[in-house]
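Visitor: Would you mind keeping the following structure in view while I ask a few things?
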Amino acid sequence: MKISITKNKFITVLSVLFLIGLWKAGSMIVASELILPSPGKTAIAVGKLFINEAFIRIVGATILRGLIGFFISFLLALILGIAAGINDSFYAFLKPILVTIRSTPVISFILLALIWFDVSQVPVFIALLTMFPFICTNIIDGIRNVNPKLLVLAKVYRVKTRNIIRDIYLPAISPFIFSGISSAMGFGWRAIIIGEVLSQPRYGIGTFMQNAQTYLLVDKVIAWTIIAILLSYLFDHLIRSVENKVVVWN
Amino acid sequence: MKHYINSGLFIFLLFLVSCGSGPGKGNSNVVEVATLRGPSAISMVHMLDSLKTIENKKVNFLIKNEPLQIRPLLFQEKVEFAVVPTNMASILYNKGVNYKLAAVPVWGTLYLFGERGEINSWNDLNGKKIHLMAKGMTPDVMFRYLLEKNNIDPKEDVKLDYSFPTHIELANAVASGKAELGVISEPLVSMVINKNNKVEPVLSLNEEWKKQTGIEIPQTALLVNKNFAAENSQWINRFLEKYDQSVGWINNNPRNGARLIVKNNILENEKVAYQSIPRCNMNFRYACDIRDLVADYLEIFHNMNPDIIGGKLPDENFYYKK
């Protein structure tokens with residue numbers, strides 16, 4: 001077990017190094033800082049972003065949009081997901097709606113939102129629409145995955161509802177919820193940043209990415225991209241560690 | 001994590017493939033001219049309509065909607081001549097893209113639009129929402145400069161909205177009343193006036209700019225490829241003369257000019273085209289004759305934020321010598 005973890009970590013590092021090597025080679029072939037800056041120059045650009053006094057506000061604004069979008073969609077998904085998980089008719093009603101939202105290109109939502117809402121609300125709206133179907137679908141799947149025999153048994157032995165929820169439902173759905181949150185967040189960050197690029201709120205990673213693109217600061221565009229990847233990675237990590245705690249607790 | 005790596009690889013491979021087909025053109029007897037559907041295409045319309053060859057070289061015009069569509073043509077040196085905003089020309093030059101400023105054919109054409117009687121002075125803009133397009137490009141930067149000069153903080157006192165990403169979308173929003181106040185350029189100014197008689201140009205950015213800085217706005221740059229220029233100076237002089245004549249012709253023949261504008265698909269409506277011509281502020285000036293003026297103009301942007309002109313003032317090699 002331990003050996004295989006060390007080995008996998010090694011491969012992960014190798015993979016990242018490979019990517020950087022490919023990038024370096026590419027920048028040497030292109031030989032133009034304008035088209036593709038080298039990893040070294042980009043690393044400096046990333047460093048400069050970190051010491052920029054507005055950095056916290058820019059990244060904070062994006063994170064805040066993500067969290068607001070996440071909490072609204074989580075709450076909505078929890079209510080509708082539980083209802084659909086328990087009630088088959090409601091599930092049949094909700095399913096096409098979820099499929100429609102999930103199949104709509106993100107850019108369609110953004111273009112419409114730019115017409116419907118105030119600029120500052122656009123990325124939150126986008127976050128909500130991209131995250132909600134993932135979480136909701138997973139909650140429904142989780143509930144429907146609960147072993148019906150266990151429920152019958154619990155009823156026969158007159159187990160308290162509180163205990164049914166705590167000991168049967170929660171352990172069954174929590175892995176589903178966490179995997180739903182994880183993929184929802186992954187999509188959500190990307191959608192929020194596209195929304196920021198197009199709606200140009202005052203602070204936000206997307207706003208500054210677009211600015212860098214306009215002024216042909218390619219190293220900065222890539223630097224913001226790296227920040228966005230790190231952000232997404234950190235949140236994924238955070239979700240996983242919360243999940244581990246919950247699973248242990250169970 | 002995995003899909004990041006995958007998509008990163010994909011982009012990279014795409015990139016390498018696109019490099020393989022890289023710059024360089026097969027046929028040296030065709031000269032490509034990229035222009036913008038707006039005042040710059042209007043200023044060229046006479047030669048665009050009738051000029052097919054100069055001394056055995058075919059001239060081919062490409063009309064694009066937005067400067068961002070022209071930029072990649074310059075990276076890859078796919079065109080000999082191109083029209084872009086002057087500040088973008090400076091960025092490209094400073095980043096080592098192979099083009100020089102040959103001439104400035106179009107001067108300030110930007111107006112703030114609003115409902116008749118609503119806005120009478122800069123102070124009336126306090127607390128208002130104003131629509132701009134393309135953050136960081138000329139209309140946006142220029143408007144923010146003028147706001148500051150008129151004691152309005154662009155970040156606190158007004159709300160700047162960039163949700164209509166292109167000139168055409170913004171003009172349509174103003175015409176339909178969806179955007180109450182917006183900064184737009186000719187010939188869309190004339191289009192909007194024609195569509196909605198409740199709105200009017202409330203401020204000419206050109207006049208306001210002159211009031212503040214004492215100089216005209218060398219808004220649009222005609223660029224020429226460096227390598228092409230090194231080998232074809234005589235040919236280029238003939239081309240620039242033709243362009244100069246084309247500008248003179250349209251200013252003196254707005255009726256016929258309007259017809260050619262519609263015929264060449266620059267605008268749909270002849271009446272709009274006719275009204276737009278005098279407001280397009282077309283005046284062909286060779287770059288080498290207006291060096292100081294262009295430098296002063298770029299200097300103002302530089303003081304706001306060096307990135308707007310690519311970090312520094314372009315050196316003397318930026319200006320093409322006849």
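In the structure tokens, chains take letters A, B, ... by order of appearance, with residues numbered from 1 within each chain and ligands from 1 in the order shown.
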Give me, as a list in words, the contact residues of chain A against chain B at a cut-off of 9 Å, counting only C-alpha atoms.
Guide: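 Interface list for chain A against chain B: Ser15, Val16, Leu19, Leu22, Trp23, Gly26, Ile29, Val30, Ser32, Glu33, Leu34, Ile35, Leu114, Ile115, Val119, Leu198, Ser199, Gln200, Pro201, Arg202, Gln210, Asn211, Ala212, Thr214, Tyr215, Leu216, Leu217, Ile229 and Tyr233 of chain A.
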Visitor: Can you write out the residues you just picked, keeping C-alpha atoms, as an mmCIF file, in the first residue's frame?
Guide:
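Written out: again_0.cif:
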```
data_model
loop_
_atom_site.group_PDB
_atom_site.id
_atom_site.type_symbol
_atom_site.label_atom_id
_atom_site.label_comp_id
_atom_site.auth_asym_id
_atom_site.auth_seq_id
_atom_site.Cartn_x
_atom_site.Cartn_y
_atom_site.Cartn_z
ATOM 1 C CA SER A 15 3.725 14.008 -15.270
ATOM 2 C CA VAL A 16 3.865 17.640 -14.131
ATOM 3 C CA LEU A 19 4.134 19.032 -19.035
ATOM 4 C CA LEU A 22 6.862 20.146 -23.208
ATOM 5 C CA TRP A 23 5.986 23.783 -22.563
ATOM 6 C CA GLY A 26 7.411 24.583 -27.270
ATOM 7 C CA ILE A 29 10.603 26.161 -30.912
ATOM 8 C CA VAL A 30 8.317 29.178 -31.193
ATOM 9 C CA SER A 32 8.830 34.331 -29.236
ATOM 10 C CA GLU A 33 8.001 35.580 -25.749
ATOM 11 C CA LEU A 34 4.966 37.192 -27.346
ATOM 12 C CA ILE A 35 3.345 33.977 -28.560
ATOM 13 C CA LEU A 114 -25.600 39.394 -19.882
ATOM 14 C CA ILE A 115 -28.950 40.588 -21.189
ATOM 15 C CA VAL A 119 -23.019 42.510 -14.580
ATOM 16 C CA LEU A 198 -17.371 38.511 -20.715
ATOM 17 C CA SER A 199 -19.107 40.565 -18.038
ATOM 18 C CA GLN A 200 -15.996 42.383 -16.742
ATOM 19 C CA PRO A 201 -16.876 42.953 -13.083
ATOM 20 C CA ARG A 202 -14.379 45.237 -11.333
ATOM 21 C CA GLN A 210 -9.115 39.567 -20.431
ATOM 22 C CA ASN A 211 -7.129 42.739 -19.694
ATOM 23 C CA ALA A 212 -3.854 40.884 -20.091
ATOM 24 C CA THR A 214 -6.034 42.856 -24.733
ATOM 25 C CA TYR A 215 -2.577 44.215 -23.953
ATOM 26 C CA LEU A 216 -0.831 41.119 -25.324
ATOM 27 C CA LEU A 217 0.666 40.161 -21.962
ATOM 28 C CA ILE A 229 -5.844 25.808 -11.778
ATOM 29 C CA TYR A 233 -7.018 22.100 -7.139
#
```
Visitor: Would you mind listing what lies within 10 Å of segment 39-54 of chain A as a list of chain:residue names, with only C-alpha atoms counted and same-chain residues fewer than 4 positions away left out?
Guide: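 Surrounding residues, per the criterion: A:Ile20, A:Gly21, A:Leu22, A:Trp23, A:Lys24, A:Ala25, A:Ser27, A:Glu33, A:Ile58, A:Val59, A:Gly60, A:Tyr203, A:Leu217, A:Val218, A:Asp219, A:Lys220, A:Val221, A:Ile222, A:Ala223, A:Trp224, A:Thr225, A:Ile226, A:Ile227.
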Visitor: Could you dump the residues just selected with C-alpha atoms as a PDB file, in the first residue's frame?
Guide:
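Saved as selection_36.pdb:
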```pdb
ATOM      1  CA  ILE A  20       6.563  21.801 -18.060  1.00  0.00           C
ATOM      2  CA  GLY A  21       9.239  20.234 -20.261  1.00  0.00           C
ATOM      3  CA  LEU A  22       6.862  20.146 -23.208  1.00  0.00           C
ATOM      4  CA  TRP A  23       5.986  23.783 -22.563  1.00  0.00           C
ATOM      5  CA  LYS A  24       9.673  24.739 -22.379  1.00  0.00           C
ATOM      6  CA  ALA A  25      10.392  22.901 -25.630  1.00  0.00           C
ATOM      7  CA  SER A  27       8.549  28.027 -26.192  1.00  0.00           C
ATOM      8  CA  GLU A  33       8.001  35.580 -25.749  1.00  0.00           C
ATOM      9  CA  ILE A  58      -9.191  39.811  -7.351  1.00  0.00           C
ATOM     10  CA  VAL A  59      -8.951  36.160  -6.335  1.00  0.00           C
ATOM     11  CA  GLY A  60     -11.244  36.751  -3.355  1.00  0.00           C
ATOM     12  CA  TYR A 203     -12.515  42.426  -9.571  1.00  0.00           C
ATOM     13  CA  LEU A 217       0.666  40.161 -21.962  1.00  0.00           C
ATOM     14  CA  VAL A 218       0.664  36.448 -22.707  1.00  0.00           C
ATOM     15  CA  ASP A 219       2.772  35.583 -19.637  1.00  0.00           C
ATOM     16  CA  LYS A 220       0.101  37.209 -17.470  1.00  0.00           C
ATOM     17  CA  VAL A 221      -2.722  35.335 -19.215  1.00  0.00           C
ATOM     18  CA  ILE A 222      -0.935  32.057 -18.489  1.00  0.00           C
ATOM     19  CA  ALA A 223      -0.080  33.206 -14.938  1.00  0.00           C
ATOM     20  CA  TRP A 224      -3.759  33.857 -14.171  1.00  0.00           C
ATOM     21  CA  THR A 225      -4.567  30.482 -15.697  1.00  0.00           C
ATOM     22  CA  ILE A 226      -2.129  28.824 -13.309  1.00  0.00           C
ATOM     23  CA  ILE A 227      -3.773  30.673 -10.401  1.00  0.00           C
TER      24      ILE A 227
END
```
Visitor: Report as a VMD selection string: the residues of segment 160-237 of chain A with a DSSP assignment of alpha helix (DSSP H), based on the backbone of this structure.
Guide: chain A and resid 161 to 164 170 to 199 205 to 214 218 to 237
Visitor: Atom CA of Ser174 of chain A to atom CA of Lys160 of chain A: how many Å, to one decimal?
Guide: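 Between these atoms lies a distance of 20.1 Å.
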Visitor: Pick the closest to Leu128 of chain A from A:Phe10, A:Phe109, A:Tyr91, A:Phe176: which is it, counting only C-alpha atoms?
Guide: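 Selected residue with least distance to Leu128 of chain A: A:Phe109.
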Visitor: Could you list, as a list of chain:residue names, every residue within 10 Å of Asn197 of chain B, counting only C-alpha atoms and ignoring same-chain residues fewer than 2 positions away?
Guide: B:Glu115, B:Arg116, B:Ala175, B:Val192, B:Ile193, B:Asn194, B:Lys195, B:Val199, B:Glu200
Visitor: Store the residues picked out above in a file with C-alpha atoms, as a CSV table (one decimal), in the first residue's frame.
Guide:
```csv
chain,number,residue,atom,x,y,z
B,115,GLU,CA,-31.6,60.3,-24.4
B,116,ARG,CA,-32.3,63.8,-25.7
B,175,ALA,CA,-30.7,52.0,-30.6
B,192,VAL,CA,-28.4,54.7,-34.1
B,193,ILE,CA,-29.7,58.2,-34.9
B,194,ASN,CA,-31.7,56.7,-37.8
B,195,LYS,CA,-33.2,53.9,-35.7
B,199,VAL,CA,-31.4,59.5,-28.6
B,200,GLU,CA,-28.6,61.8,-29.7
```
Visitor: Could you pull out the strand (DSSP E or B) residues of segment 224-319 of chain B, going by DSSP on the backbone, and write them as a ChimeraX atom specification?
Guide: /B:224-225,282-286,319
Visitor: Atom CA of Phe178 of chain A to atom CA of His237 of chain A: how many Å, to one decimal?
Guide: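 Taking atom CA of Phe178 of chain A and atom CA of His237 of chain A, their separation equals 11.6 Å.
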Visitor: Between atom CA of Met209 of chain A and atom CA of Leu230 of chain A, what is the spacing in Å?
Guide: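 So the answer is 15.2 Å.
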